[in-house]
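Below is target35.txt, holding compact mmCIF, C-alpha atoms.
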# COMPACT_ATOMS: atom_id res chain seq x y z
CA MET A 260 18.93 104.40 45.84
CA LYS A 261 20.78 105.76 42.82
CA LEU A 262 24.06 105.45 44.70
CA SER A 263 23.26 101.85 45.61
CA LEU A 264 22.44 100.97 41.97
CA ARG A 265 25.63 102.68 40.82
CA LYS A 266 27.66 100.77 43.39
CA LEU A 267 25.88 97.57 42.43
CA SER A 268 26.70 98.13 38.75
CA VAL A 269 30.31 98.83 39.60
CA TYR A 270 30.51 95.76 41.80
CA ALA A 271 28.85 93.64 39.13
CA GLY A 272 31.25 94.96 36.51
CA LEU A 273 34.20 94.32 38.78
CA CYS A 274 32.98 90.82 39.53
CA LEU A 275 32.43 90.04 35.82
CA GLY A 276 35.86 91.42 35.00
CA ALA A 277 37.35 89.37 37.79
CA LEU A 278 35.67 86.22 36.44
CA VAL A 279 36.93 86.85 32.90
CA LEU A 280 40.41 87.55 34.26
CA ALA A 281 40.29 84.44 36.41
CA ALA A 282 39.13 82.33 33.44
CA ALA A 283 41.91 83.75 31.31
CA LEU A 284 44.44 83.03 34.02
CA LEU A 285 43.14 79.48 34.34
CA ILE A 286 43.44 78.95 30.58
CA PHE A 287 46.92 80.41 30.32
CA VAL A 288 48.26 78.98 33.57
CA PHE A 289 46.39 75.70 33.93
CA GLY A 290 45.04 75.12 30.40
CA ALA A 291 47.82 72.74 29.41
CA ALA A 292 47.42 70.81 32.64
CA VAL A 293 43.66 70.46 32.10
CA LEU A 294 44.12 69.41 28.45
CA ASN A 295 46.88 66.91 29.17
CA GLY A 296 45.26 65.55 32.31
CA TYR A 297 41.51 65.38 32.48
CA GLY A 298 40.78 66.25 28.83
CA ARG A 299 43.17 63.83 27.18
CA GLU A 300 42.37 60.91 29.47
CA LYS A 301 38.64 61.43 29.04
CA LEU A 302 39.00 61.48 25.25
CA GLU A 303 41.09 58.28 25.22
CA ARG A 304 38.60 56.49 27.50
CA ALA A 305 35.62 57.67 25.47
CA PHE A 306 37.23 56.40 22.25
CA ALA A 307 37.98 52.98 23.78
CA GLN A 308 34.38 52.66 24.99
CA ALA A 309 32.94 53.67 21.63
CA HIS A 310 35.29 51.36 19.68
CA PRO A 311 35.93 48.11 21.59
CA GLY A 312 39.22 46.49 20.66
CA CYS A 313 40.74 49.82 19.59
CA ALA A 314 43.05 52.09 21.53
CA LEU A 315 43.78 55.80 21.13
CA GLN A 316 46.85 57.46 22.62
CA ILE A 317 47.47 61.19 22.35
CA GLY A 318 50.76 62.98 22.96
CA GLU A 319 51.17 66.34 24.66
CA LEU A 320 48.43 68.83 23.81
CA ASN A 321 48.79 72.60 23.50
CA TYR A 322 46.07 75.17 22.81
CA THR A 323 46.61 78.76 21.67
CA PRO A 324 43.39 80.77 22.28
CA GLY A 325 44.31 83.76 20.11
CA ALA A 326 44.97 81.62 17.05
CA ASN A 327 42.35 79.02 18.03
CA ARG A 328 44.97 76.36 17.41
CA LEU A 329 45.07 72.93 19.04
CA VAL A 330 48.32 70.98 18.62
CA ALA A 331 49.01 67.32 19.44
CA GLN A 332 52.64 66.27 19.36
CA TRP A 333 51.70 62.75 18.25
CA ILE A 334 48.77 60.35 18.00
CA THR A 335 48.70 56.54 17.92
CA LEU A 336 45.58 54.58 16.98
CA THR A 337 45.66 50.80 17.28
CA ALA A 338 43.07 48.35 16.00
CA THR A 339 43.10 44.69 15.00
CA ASN A 340 45.94 44.22 12.47
CA THR A 341 46.03 47.98 11.85
CA THR A 342 48.09 50.79 13.39
CA LEU A 343 48.11 54.52 12.68
CA GLN A 344 50.90 56.71 14.02
CA THR A 345 51.37 60.40 13.39
CA GLY A 346 53.79 63.13 14.24
CA ARG A 347 52.71 66.68 15.07
CA ILE A 348 49.10 67.54 14.21
CA SER A 349 47.80 71.11 14.21
CA LEU A 350 44.08 71.93 14.01
CA THR A 351 42.87 75.52 13.69
CA GLY A 352 39.56 77.30 13.15
CA VAL A 353 37.34 74.79 14.98
CA CYS A 354 34.31 76.13 16.90
CA TRP A 355 35.23 74.33 20.11
CA GLY A 356 32.68 76.21 22.23
CA ARG A 357 29.75 75.19 20.06
CA PHE A 358 30.97 71.60 20.05
CA LEU A 359 31.32 71.54 23.84
CA TRP A 360 27.82 72.95 24.31
CA GLY A 361 26.43 70.58 21.66
CA THR A 362 24.98 73.36 19.51
CA ALA A 363 27.03 72.78 16.33
CA ALA A 364 26.73 70.18 13.62
CA LEU A 365 29.98 68.68 12.39
CA THR A 366 29.94 70.68 9.15
CA ASP A 367 29.20 73.96 10.98
CA GLY A 368 31.85 73.43 13.63
CA LEU A 369 34.50 72.66 11.01
CA ALA A 370 33.43 75.25 8.41
CA GLN A 371 36.60 77.32 8.99
CA ALA A 372 38.89 74.47 10.08
CA SER A 373 42.34 73.64 8.73
CA LEU A 374 44.53 70.61 9.43
CA ASP A 375 48.29 70.23 9.18
CA ALA A 376 49.60 66.73 10.01
CA THR A 377 53.11 65.33 9.64
CA ASN A 378 54.71 61.88 9.47
CA LEU A 379 51.59 59.74 9.14
CA ASN A 380 52.29 56.01 9.11
CA LEU A 381 49.45 53.51 8.56
CA GLU A 382 50.19 49.77 8.67
CA PHE A 383 47.92 46.91 7.60
CA ARG A 384 49.76 43.95 9.08
CA GLU A 385 47.48 41.25 7.66
CA SER A 386 47.93 42.40 4.06
CA LEU A 387 51.63 43.29 4.65
CA TYR A 388 51.18 46.82 3.28
CA GLY A 389 51.71 50.24 4.77
CA ILE A 390 51.04 53.86 3.80
CA ARG A 391 53.33 56.74 4.69
CA CYS A 392 52.65 60.45 4.27
CA ALA A 393 55.25 63.05 5.13
CA ARG A 394 52.69 65.86 5.34
CA LEU A 395 48.93 66.18 4.99
CA GLN A 396 47.24 69.58 4.77
CA ALA A 397 43.49 70.13 4.59
CA SER A 398 41.57 73.40 4.38
CA VAL A 399 37.78 73.30 4.62
CA PRO A 400 37.23 76.96 3.61
CA GLY A 401 39.77 76.55 0.79
CA SER A 402 38.18 73.24 -0.38
CA GLU A 403 41.70 71.86 -0.70
CA LEU A 404 43.63 68.75 0.35
CA VAL A 405 47.38 68.29 -0.23
CA ALA A 406 49.41 65.16 0.52
CA GLU A 407 53.19 65.29 0.22
CA GLY A 408 55.62 62.37 0.24
CA THR A 409 52.99 59.61 0.10
CA GLU A 410 54.10 56.01 -0.31
CA LEU A 411 52.26 52.69 -0.50
CA ARG A 412 54.82 50.01 0.28
CA PRO A 413 55.12 46.38 1.41
CA LEU A 414 56.06 46.01 5.07
CA VAL A 415 58.57 43.27 4.18
CA GLY A 416 60.98 42.47 1.34
CA ASP A 417 59.86 40.77 -1.88
CA GLU A 418 60.91 37.26 -0.85
CA ALA A 419 59.11 37.49 2.50
CA PHE A 420 56.07 39.05 0.84
CA PHE A 421 55.71 36.26 -1.73
CA ALA A 422 56.50 33.59 0.87
CA ALA A 423 53.42 34.72 2.80
CA HIS A 424 51.20 33.84 -0.20
CA ASP A 425 50.59 30.28 -1.34
CA PHE A 426 49.60 31.31 -4.86
CA ARG A 427 50.65 33.77 -7.54
CA THR A 428 50.17 37.36 -6.48
CA THR A 429 51.25 40.87 -7.38
CA ARG A 430 53.38 43.11 -5.17
CA PHE A 431 52.66 46.82 -5.56
CA HIS A 432 54.79 49.83 -4.68
CA LEU A 433 53.62 53.41 -5.22
CA ILE A 434 55.41 56.68 -4.49
CA ALA A 435 53.53 59.98 -4.97
CA PRO A 436 55.66 63.04 -4.15
CA GLU A 437 52.57 65.27 -4.31
CA CYS A 438 48.83 64.78 -4.60
CA ARG A 439 46.64 67.90 -4.71
CA VAL A 440 42.84 67.88 -4.51
CA LEU A 441 41.03 71.10 -5.42
CA GLY A 442 37.34 71.97 -5.21
CA LEU A 443 36.72 69.27 -2.59
CA ALA A 444 33.15 69.39 -1.24
CA TYR A 445 33.97 69.01 2.47
CA ASP A 446 30.41 69.70 3.64
CA GLU A 447 29.04 66.72 1.69
CA LEU A 448 32.07 64.61 2.61
CA LEU A 449 31.68 65.27 6.35
CA GLN A 450 27.98 64.45 6.15
CA GLY A 451 28.72 61.21 4.28
CA LYS A 452 26.58 62.31 1.34
CA SER A 453 29.08 62.24 -1.54
CA TYR A 454 32.67 62.42 -2.72
CA ARG A 455 33.03 65.37 -5.08
CA ALA A 456 36.08 67.29 -6.29
CA LYS A 457 36.93 69.42 -9.28
CA LEU A 458 40.56 68.30 -9.68
CA VAL A 459 42.84 65.55 -8.39
CA HIS A 460 46.43 65.86 -9.57
CA PHE A 461 49.45 63.57 -8.98
CA SER A 462 52.92 64.94 -9.71
CA ARG A 463 55.88 62.66 -10.56
CA PRO A 464 54.41 59.39 -9.25
CA PHE A 465 56.30 56.09 -9.44
CA PHE A 466 54.36 52.82 -9.68
CA ASP A 467 55.95 49.37 -9.65
CA ALA A 468 54.24 45.98 -9.91
CA LEU A 469 55.96 42.58 -9.62
CA VAL A 470 54.25 39.25 -10.36
CA ASN A 471 55.71 35.97 -9.06
CA ARG A 472 55.00 33.50 -11.87
CA ASP A 473 57.04 30.86 -10.05
CA LYS A 474 53.92 30.01 -8.00
CA PRO A 475 50.67 28.43 -9.24
CA VAL A 476 47.62 30.53 -10.04
CA LYS A 477 45.10 30.77 -7.21
CA PRO A 478 42.02 28.58 -7.78
CA PHE A 479 39.18 30.62 -9.22
CA VAL A 480 36.68 31.74 -6.57
CA LYS A 481 35.30 35.12 -7.59
CA SER A 482 35.74 37.35 -10.62
CA PRO A 483 37.75 40.54 -10.07
CA LEU A 484 35.69 43.72 -10.21
CA MET A 485 35.67 45.56 -13.50
CA VAL A 486 35.81 49.37 -13.51
CA HIS A 487 32.03 49.85 -13.75
CA GLU A 488 31.47 47.29 -10.98
CA ALA A 489 34.03 48.88 -8.67
CA LEU A 490 32.44 52.31 -9.14
CA ALA A 491 28.94 50.95 -8.64
CA ALA A 492 30.06 49.35 -5.36
CA ILE A 493 30.65 52.83 -3.88
CA CYS A 494 27.43 53.65 -2.04
CA GLN A 495 27.76 57.43 -2.06
CA PRO A 496 27.87 59.44 -5.29
CA LEU A 497 31.42 59.94 -6.61
CA GLN A 498 32.34 62.73 -9.00
CA VAL A 499 35.78 64.00 -9.99
CA ASP A 500 35.71 66.42 -12.90
CA ASN A 501 39.34 65.83 -13.82
CA LEU A 502 42.03 63.48 -12.53
CA SER A 503 45.52 63.94 -13.92
CA ILE A 504 49.01 62.46 -13.63
CA THR A 505 52.15 64.16 -14.92
CA ASN A 506 55.78 63.00 -15.25
CA GLY A 507 55.01 59.52 -13.97
CA ILE A 508 57.01 56.30 -14.18
CA LEU A 509 55.35 52.89 -14.45
CA THR A 510 57.17 49.56 -14.19
CA TYR A 511 55.65 46.11 -14.67
CA CYS A 512 57.77 43.04 -13.85
CA GLU A 513 57.33 39.28 -14.03
CA ARG A 514 59.72 36.82 -12.46
CA VAL A 515 59.78 33.19 -13.55
CA VAL A 516 62.18 31.75 -10.96
CA ALA A 517 62.25 32.83 -7.30
CA GLY A 518 65.22 34.97 -6.41
CA THR A 519 66.15 35.77 -10.02
CA ASP A 520 65.84 39.00 -12.00
CA PRO A 521 62.39 39.58 -13.49
CA GLY A 522 61.38 40.58 -17.00
CA VAL A 523 60.70 44.31 -17.06
CA LEU A 524 58.36 46.59 -19.00
CA THR A 525 58.74 50.32 -18.40
CA PHE A 526 56.77 53.45 -19.25
CA GLY A 527 58.51 56.77 -18.66
CA ASP A 528 57.28 60.36 -18.75
CA VAL A 529 53.72 59.10 -18.24
CA SER A 530 50.86 61.57 -18.46
CA ILE A 531 47.25 60.56 -17.82
CA SER A 532 44.06 62.61 -17.89
CA VAL A 533 40.72 61.22 -16.71
CA ALA A 534 37.60 63.31 -17.36
CA GLY A 535 34.12 62.66 -16.00
CA LEU A 536 35.08 60.13 -13.32
CA ALA A 537 31.78 59.26 -11.65
CA ASN A 538 29.59 56.40 -10.48
CA ARG A 539 26.24 57.97 -11.31
CA GLY A 540 24.94 59.04 -14.70
CA GLU A 541 22.59 58.33 -17.54
CA PRO A 542 23.73 56.13 -20.49
CA PRO A 543 25.36 58.98 -22.51
CA ALA A 544 27.72 59.78 -19.61
CA ALA A 545 31.19 58.25 -19.98
CA ILE A 546 34.62 58.31 -18.37
CA GLN A 547 37.30 59.33 -20.84
CA ILE A 548 40.93 58.39 -20.25
CA ARG A 549 43.87 59.76 -22.23
CA ALA A 550 47.31 58.31 -21.54
CA GLN A 551 50.75 58.68 -23.06
CA GLY A 552 54.15 57.32 -22.12
CA ASN A 553 57.63 56.54 -23.36
CA PHE A 554 57.49 52.77 -23.87
CA MET A 555 60.74 50.97 -22.98
CA ASN A 556 62.59 54.21 -23.69
CA ALA A 557 62.18 53.38 -27.38
CA GLY A 558 58.77 54.57 -28.60
CA VAL A 559 55.78 56.69 -27.59
CA LEU A 560 52.58 54.83 -26.77
CA LYS A 561 49.26 56.74 -26.75
CA VAL A 562 45.90 55.36 -25.57
CA LEU A 563 42.38 56.78 -25.57
CA MET A 564 39.74 54.84 -23.61
CA THR A 565 36.03 55.52 -23.09
CA ILE A 566 34.10 53.67 -20.37
CA PRO A 567 30.33 54.17 -19.90
CA VAL A 568 29.45 55.45 -16.42
CA PHE A 569 26.36 53.26 -16.33
CA SER A 570 26.77 49.77 -17.73
CA ARG A 571 25.23 46.42 -16.83
CA ASP A 572 28.15 44.52 -18.36
CA LEU A 573 31.75 45.06 -19.43
CA SER A 574 31.60 47.52 -22.32
CA LEU A 575 34.17 50.09 -23.45
CA HIS A 576 36.13 51.37 -26.40
CA TYR A 577 39.86 51.96 -26.62
CA SER A 578 42.27 52.94 -29.33
CA GLY A 579 45.83 54.11 -29.61
CA SER A 580 49.12 54.23 -31.44
CA LEU A 581 52.81 53.38 -31.11
CA SER A 582 55.45 55.53 -32.76
CA ALA A 583 58.50 54.23 -34.62
CA MET A 584 60.44 51.85 -32.34
CA ASP A 585 63.31 49.38 -32.37
CA LEU A 586 61.60 46.17 -31.24
CA ARG A 587 64.77 44.87 -29.58
CA GLY A 588 63.87 47.19 -26.72
CA LEU A 589 61.28 44.59 -25.67
CA ASN A 590 63.94 41.99 -24.89
CA ALA A 591 64.29 43.16 -21.28
CA PHE A 592 60.87 41.57 -20.78
CA LEU A 593 60.63 38.89 -23.47
CA ASP A 594 63.96 37.21 -22.65
CA ILE A 595 62.77 36.24 -19.18
CA ALA A 596 58.97 36.25 -19.28
CA GLU A 597 58.47 34.62 -22.72
CA HIS A 598 61.84 32.90 -23.37
CA THR A 599 61.95 34.72 -26.69
CA ARG A 600 64.44 37.25 -28.02
CA ILE A 601 63.97 39.70 -30.89
CA LYS A 602 67.17 39.58 -32.94
CA SER A 603 66.09 42.42 -35.22
CA GLY A 604 62.98 44.33 -36.16
CA ARG A 605 61.68 47.85 -36.35
CA VAL A 606 58.12 49.10 -36.34
CA GLN A 607 57.42 52.21 -38.38
CA GLU A 608 54.00 52.81 -36.88
CA ALA A 609 51.21 50.84 -35.24
CA THR A 610 47.60 51.63 -34.40
CA PHE A 611 44.72 49.75 -32.80
CA ASP A 612 40.99 50.27 -32.38
CA ILE A 613 38.98 47.91 -30.15
CA ASP A 614 35.35 47.75 -29.05
CA VAL A 615 34.24 45.68 -26.07
CA THR A 616 30.56 44.76 -25.73
CA ALA A 617 29.33 42.49 -22.95
CA GLY A 618 32.86 41.19 -22.43
CA GLN A 619 33.43 40.47 -26.14
CA ALA A 620 36.39 42.34 -27.68
CA ARG A 621 36.44 42.97 -31.41
CA GLY A 622 38.68 45.27 -33.40
CA ARG A 623 41.71 45.73 -35.65
CA VAL A 624 45.46 46.19 -35.20
CA ARG A 625 47.46 47.81 -37.99
CA ALA A 626 51.27 47.67 -37.89
CA ILE A 627 53.95 48.58 -40.42
CA TYR A 628 57.27 46.90 -39.57
CA LYS A 629 60.28 45.21 -41.17
CA ASP A 630 63.22 42.84 -40.54
CA LEU A 631 61.53 40.93 -37.70
CA VAL A 632 63.68 37.97 -36.62
CA ILE A 633 63.28 36.13 -33.31
CA ALA A 634 65.21 33.51 -31.35
CA ILE A 635 63.74 30.86 -29.05
CA LEU A 636 65.64 30.71 -25.74
CA ASP A 637 66.37 27.71 -23.56
CA GLN A 638 64.09 27.84 -20.51
CA GLN A 639 66.84 26.63 -18.19
CA THR A 640 69.89 28.55 -19.42
CA GLY A 641 68.18 31.53 -21.08
CA THR A 642 70.45 31.30 -24.14
CA GLU A 643 69.66 30.79 -27.83
CA LYS A 644 72.49 28.27 -28.31
CA GLY A 645 71.94 24.56 -28.78
CA LEU A 646 70.58 22.56 -31.68
CA GLY A 647 67.03 22.39 -30.35
CA ASN A 648 66.82 26.15 -29.84
CA ARG A 649 68.32 26.88 -33.24
CA VAL A 650 65.87 24.57 -35.00
CA ALA A 651 62.93 26.05 -33.09
CA SER A 652 64.07 29.58 -33.98
CA PHE A 653 64.48 28.66 -37.66
CA LEU A 654 61.03 27.10 -37.87
CA ALA A 655 59.44 30.08 -36.10
CA ASN A 656 61.05 32.63 -38.43
CA VAL A 657 60.24 30.65 -41.59
CA PHE A 658 56.82 29.17 -40.89
CA LYS A 659 55.23 31.08 -38.00
CA ILE A 660 55.96 34.78 -38.11
CA ARG A 661 55.63 37.43 -40.78
CA ASN A 662 59.04 39.09 -41.03
CA ALA A 663 57.70 42.32 -42.56
CA ASN A 664 54.39 44.04 -43.06
CA ALA A 665 53.82 47.09 -45.27
CA PRO A 666 51.23 48.35 -47.77
CA ASP A 667 51.51 46.93 -51.27
CA THR A 668 51.16 48.94 -54.48
CA ALA A 669 47.40 48.98 -53.98
CA GLY A 670 47.78 50.25 -50.41
CA LEU A 671 46.64 46.96 -48.89
CA MET A 672 48.40 45.18 -46.02
CA LYS A 673 47.79 42.53 -43.39
CA GLU A 674 45.75 43.77 -40.44
CA GLY A 675 45.42 41.88 -37.19
CA GLU A 676 41.97 40.83 -36.05
CA VAL A 677 41.15 41.36 -32.39
CA LYS A 678 38.96 38.57 -31.13
CA ASP A 679 38.87 37.84 -27.42
CA THR A 680 36.39 37.06 -24.66
CA ARG A 681 36.86 38.04 -21.06
CA ARG A 682 37.46 35.04 -18.83
CA PRO A 683 35.92 35.07 -15.32
CA GLU A 684 39.36 35.22 -13.68
CA ASP A 685 40.64 38.14 -15.80
CA ALA A 686 41.27 41.49 -14.14
CA PHE A 687 40.41 44.63 -16.11
CA LEU A 688 43.89 45.51 -17.42
CA GLU A 689 44.65 41.83 -17.98
CA PHE A 690 41.68 41.53 -20.33
CA VAL A 691 42.44 44.83 -22.10
CA TRP A 692 45.99 43.62 -22.82
CA SER A 693 44.83 40.12 -23.77
CA ALA A 694 42.46 41.53 -26.41
CA LEU A 695 45.16 43.81 -27.86
CA ARG A 696 47.68 40.96 -27.81
CA SER A 697 45.36 38.77 -29.90
CA GLY A 698 45.44 41.40 -32.65
CA VAL A 699 49.24 41.86 -32.43
CA LEU A 700 49.83 38.12 -32.73
CA ASP A 701 47.47 37.95 -35.69
CA VAL A 702 49.48 40.69 -37.50
CA ILE A 703 52.83 38.91 -37.16
CA SER A 704 51.50 35.41 -37.79
CA LEU A 705 51.64 33.83 -41.23
What does this structure look like when you write it as structure tokens?
Amino acid sequence: MKLSLRKLSVYAGLCLGALVLAAALLIFVFGAAVLNGYGREKLERAFAQAHPGCALQIGELNYTPGANRLVAQWITLTATNTTLQTGRISLTGVCWGRFLWGTAALTDGLAQASLDATNLNLEFRESLYGIRCARLQASVPGSELVAEGTELRPLVGDEAFFAAHDFRTTRFHLIAPECRVLGLAYDELLQGKSYRAKLVHFSRPFFDALVNRDKPVKPFVKSPLMVHEALAAICQPLQVDNLSITNGILTYCERVVAGTDPGVLTFGDVSISVAGLANRGEPPAAIQIRAQGNFMNAGVLKVLMTIPVFSRDLSLHYSGSLSAMDLRGLNAFLDIAEHTRIKSGRVQEATFDIDVTAGQARGRVRAIYKDLVIAILDQQTGTEKGLGNRVASFLANVFKIRNANAPDTAGLMKEGEVKDTRRPEDAFLEFVWSALRSGVLDVISL
């Protein structure tokens, strides 16, 4: 009896060993065939059934058991007017066994997962925009997400882009060499509970916007969302402790005639810090934005803005300053966009302080400047020559603008009054600039 039990144990051990060896051989010898045959086809069919009208195609799959690494050479996802294509994708640390047996929740199965994807290309054909990303790395245990070589770009050239729109629109182009997210709460993100991160940082981004003023303004239908409205529209809680941008470049352009050079405003060496970005909070909570940039390569512009997290209307406060600057640097924009040229003028310093309550902007602009002389340009030729232009320039310099502004012996000087009301069609930055502009014009006006 003892001999039989011993033999039985030996046989059982041999059989178990043989099964493990056979399974290992199947994985190493036939694993790729199973993955790229039955497994891949089943996954593609299941996706198509779950998402009618969409198609998923997966390139060659490879699995390394020792490293628990699954690699797809490429993936293509097609939906209505949208296509996603990727290069090589590597996924490690996933609890595949628990997923296959249905014993793991998504957060548990991905608790130690890491993703490394290359050459992502997402196209939105209806809006004529696409997003590229050279490399995307995500680490759930490290609470980190890194995107390298990201670009938001039009799918067509400027002329074709504007030709596809009947009314005035803005073309955007963004390049972000690196975006790093730290302290990302993947567990809450995967469960759809919230979007939380400690830090989001963009390095050396380039942002370009071009407006085609040669087309009429679109008839008013619905007001653009303000910051507080856009945040409130996000259903899940959003919280980013700090969002920062370093060494950025911002360009804003307006063209008046199709096919011609636009007026250009530039901000170089841009740094932005946003603290307390959130869409939930009691009345004391506020989003604070600090920004600084080299304006037109001629002066340093600084802005501090505070936006309440919870607000039933458009309310905020912003202030800032402009360092000493030769005002002729603005001609790259004014010549084309405003048909006005600054012949001379230098600002010594300028500051502004503006409060917005329920869409009503009130505040002051203080500017010390001298030798301001302008010329009115011909709208057809863009030159200041001609009797009509000369007369208009003379009248403007003598009767309309204040050529200098400085404190008198008593320390008093003209200050510009900010008085503006947000119009229903105004976007957020459009209204912020419009309010500041009202104070600037009041300073230089007689």
Close residues, Ile531 in chain A itself excluded, 10 Å, only C-alpha atoms, min 5 positions apart in chain, as a PDB file with C-alpha atoms, in the frame of the given file:
ATOM      1  CA  HIS A 460      46.430  65.860  -9.570  1.00  0.00           C
ATOM      2  CA  PHE A 461      49.450  63.570  -8.980  1.00  0.00           C
ATOM      3  CA  LEU A 502      42.030  63.480 -12.530  1.00  0.00           C
ATOM      4  CA  SER A 503      45.520  63.940 -13.920  1.00  0.00           C
ATOM      5  CA  ILE A 504      49.010  62.460 -13.630  1.00  0.00           C
ATOM      6  CA  THR A 505      52.150  64.160 -14.920  1.00  0.00           C
ATOM      7  CA  ASN A 506      55.780  63.000 -15.250  1.00  0.00           C
ATOM      8  CA  GLY A 507      55.010  59.520 -13.970  1.00  0.00           C
ATOM      9  CA  ILE A 548      40.930  58.390 -20.250  1.00  0.00           C
ATOM     10  CA  ARG A 549      43.870  59.760 -22.230  1.00  0.00           C
ATOM     11  CA  ALA A 550      47.310  58.310 -21.540  1.00  0.00           C
ATOM     12  CA  GLN A 551      50.750  58.680 -23.060  1.00  0.00           C
ATOM     13  CA  GLY A 552      54.150  57.320 -22.120  1.00  0.00           C
ATOM     14  CA  LYS A 561      49.260  56.740 -26.750  1.00  0.00           C
ATOM     15  CA  VAL A 562      45.900  55.360 -25.570  1.00  0.00           C
ATOM     16  CA  LEU A 563      42.380  56.780 -25.570  1.00  0.00           C
TER      17      LEU A 563
END
- [ ] May I have the residues within 8 Å of Leu509 in chain A as JSON, numbers by chain, using all atoms listed in the file and disregarding those fewer than 6 positions away in the same chain?
- [x] {"A": [465, 466, 467, 525, 526, 527, 529]}
Per residue of range 541-563 of chain A within 6 Å of range 581-592 of chain A, note the shortest atom pair and the distance in Å to one decimal, counting all atoms listed in the file, and order the rows by chain and increasing residue number, as a Markdown table.
| residue | atom | partner | partner_atom | distance |
| --- | --- | --- | --- | --- |
| A:Ala557 | CA | A:Met584 | CA | 5.5 |
| A:Gly558 | CA | A:Met584 | CA | 4.9 |
| A:Val559 | CA | A:Ser582 | CA | 5.3 |
| A:Leu560 | CA | A:Leu581 | CA | 4.6 |
Open item on the list: Every residue with an atom at most 10 Å from (54.2, 47.7, -3.3) (file coordinates; only C-alpha atoms) is what I'm after, so could you write them as a ChimeraX atom specification?
Closed with: /A:387-390,410-417,420,429-434,466-469
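Here CA of Pro543 in chain A stands at a distance of 11.2 Å from CA of Thr565 in chain A.
Counting only C-alpha atoms, the residue from A:Thr335, A:Thr642, A:Thr599, A:Ser704 that sits nearest to Phe658 in chain A is A:Ser704.
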Task: For Asn327 in chain A: contacts at 12 Å, all atoms listed in the file, fewer than 6 positions along chain excluded, given as a PyMOL selection string - done: chain A and resi 321+349-356+371-373
- [ ] List the neighbours of Glu303 in chain A out to 9 Å using only C-alpha atoms; skip same-chain residues closer than 2 positions along the sequence, and give me the result as a PyMOL selection string.
- [x] chain A and resi 298-301+305-308+314-317
Output the selection as a PDB file, in the coordinates of the input - C-alpha atoms for each residue.
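Okay, part-v1.pdb is ready:
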ATOM      1  CA  GLY A 298      40.780  66.250  28.830  1.00  0.00           C
ATOM      2  CA  ARG A 299      43.170  63.830  27.180  1.00  0.00           C
ATOM      3  CA  GLU A 300      42.370  60.910  29.470  1.00  0.00           C
ATOM      4  CA  LYS A 301      38.640  61.430  29.040  1.00  0.00           C
ATOM      5  CA  ALA A 305      35.620  57.670  25.470  1.00  0.00           C
ATOM      6  CA  PHE A 306      37.230  56.400  22.250  1.00  0.00           C
ATOM      7  CA  ALA A 307      37.980  52.980  23.780  1.00  0.00           C
ATOM      8  CA  GLN A 308      34.380  52.660  24.990  1.00  0.00           C
ATOM      9  CA  ALA A 314      43.050  52.090  21.530  1.00  0.00           C
ATOM     10  CA  LEU A 315      43.780  55.800  21.130  1.00  0.00           C
ATOM     11  CA  GLN A 316      46.850  57.460  22.620  1.00  0.00           C
ATOM     12  CA  ILE A 317      47.470  61.190  22.350  1.00  0.00           C
TER      13      ILE A 317
END
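Contact shell of range 532-541 of chain A at 9 Å (all atoms listed in the file; same-chain neighbours under 6 positions omitted): His487, Ala489, Leu490, Ala491, Ala492, Ile493, Gln495, Pro496, Leu497, Gln498, Val499, Asp500, Asn501, Leu502, Ser503, Ile504, Thr505, Gln547, Ile548, Arg549, Ala550, Pro567, Val568 and Phe569 of chain A.
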Next, dump the selected residues to file, keeping only C-alpha atoms, as a PDB file, in the frame of the given file.
ATOM      1  CA  HIS A 487      32.030  49.850 -13.750  1.00  0.00           C
ATOM      2  CA  ALA A 489      34.030  48.880  -8.670  1.00  0.00           C
ATOM      3  CA  LEU A 490      32.440  52.310  -9.140  1.00  0.00           C
ATOM      4  CA  ALA A 491      28.940  50.950  -8.640  1.00  0.00           C
ATOM      5  CA  ALA A 492      30.060  49.350  -5.360  1.00  0.00           C
ATOM      6  CA  ILE A 493      30.650  52.830  -3.880  1.00  0.00           C
ATOM      7  CA  GLN A 495      27.760  57.430  -2.060  1.00  0.00           C
ATOM      8  CA  PRO A 496      27.870  59.440  -5.290  1.00  0.00           C
ATOM      9  CA  LEU A 497      31.420  59.940  -6.610  1.00  0.00           C
ATOM     10  CA  GLN A 498      32.340  62.730  -9.000  1.00  0.00           C
ATOM     11  CA  VAL A 499      35.780  64.000  -9.990  1.00  0.00           C
ATOM     12  CA  ASP A 500      35.710  66.420 -12.900  1.00  0.00           C
ATOM     13  CA  ASN A 501      39.340  65.830 -13.820  1.00  0.00           C
ATOM     14  CA  LEU A 502      42.030  63.480 -12.530  1.00  0.00           C
ATOM     15  CA  SER A 503      45.520  63.940 -13.920  1.00  0.00           C
ATOM     16  CA  ILE A 504      49.010  62.460 -13.630  1.00  0.00           C
ATOM     17  CA  THR A 505      52.150  64.160 -14.920  1.00  0.00           C
ATOM     18  CA  GLN A 547      37.300  59.330 -20.840  1.00  0.00           C
ATOM     19  CA  ILE A 548      40.930  58.390 -20.250  1.00  0.00           C
ATOM     20  CA  ARG A 549      43.870  59.760 -22.230  1.00  0.00           C
ATOM     21  CA  ALA A 550      47.310  58.310 -21.540  1.00  0.00           C
ATOM     22  CA  PRO A 567      30.330  54.170 -19.900  1.00  0.00           C
ATOM     23  CA  VAL A 568      29.450  55.450 -16.420  1.00  0.00           C
ATOM     24  CA  PHE A 569      26.360  53.260 -16.330  1.00  0.00           C
TER      25      PHE A 569
END
Report as a Markdown table: every residue of range 404-498 of chain A with an atom at most 6 Å from range 680-703 of chain A, its closest pair of atoms, and their distance in Å to one decimal, counting only C-alpha atoms, with rows sorted by chain and ascending residue number.
| residue | atom | partner | partner_atom | distance |
| --- | --- | --- | --- | --- |
| A:Ser482 | CA | A:Glu684 | CA | 5.2 |
| A:Pro483 | CA | A:Ala686 | CA | 5.5 |
| A:Met485 | CA | A:Phe687 | CA | 5.5 |
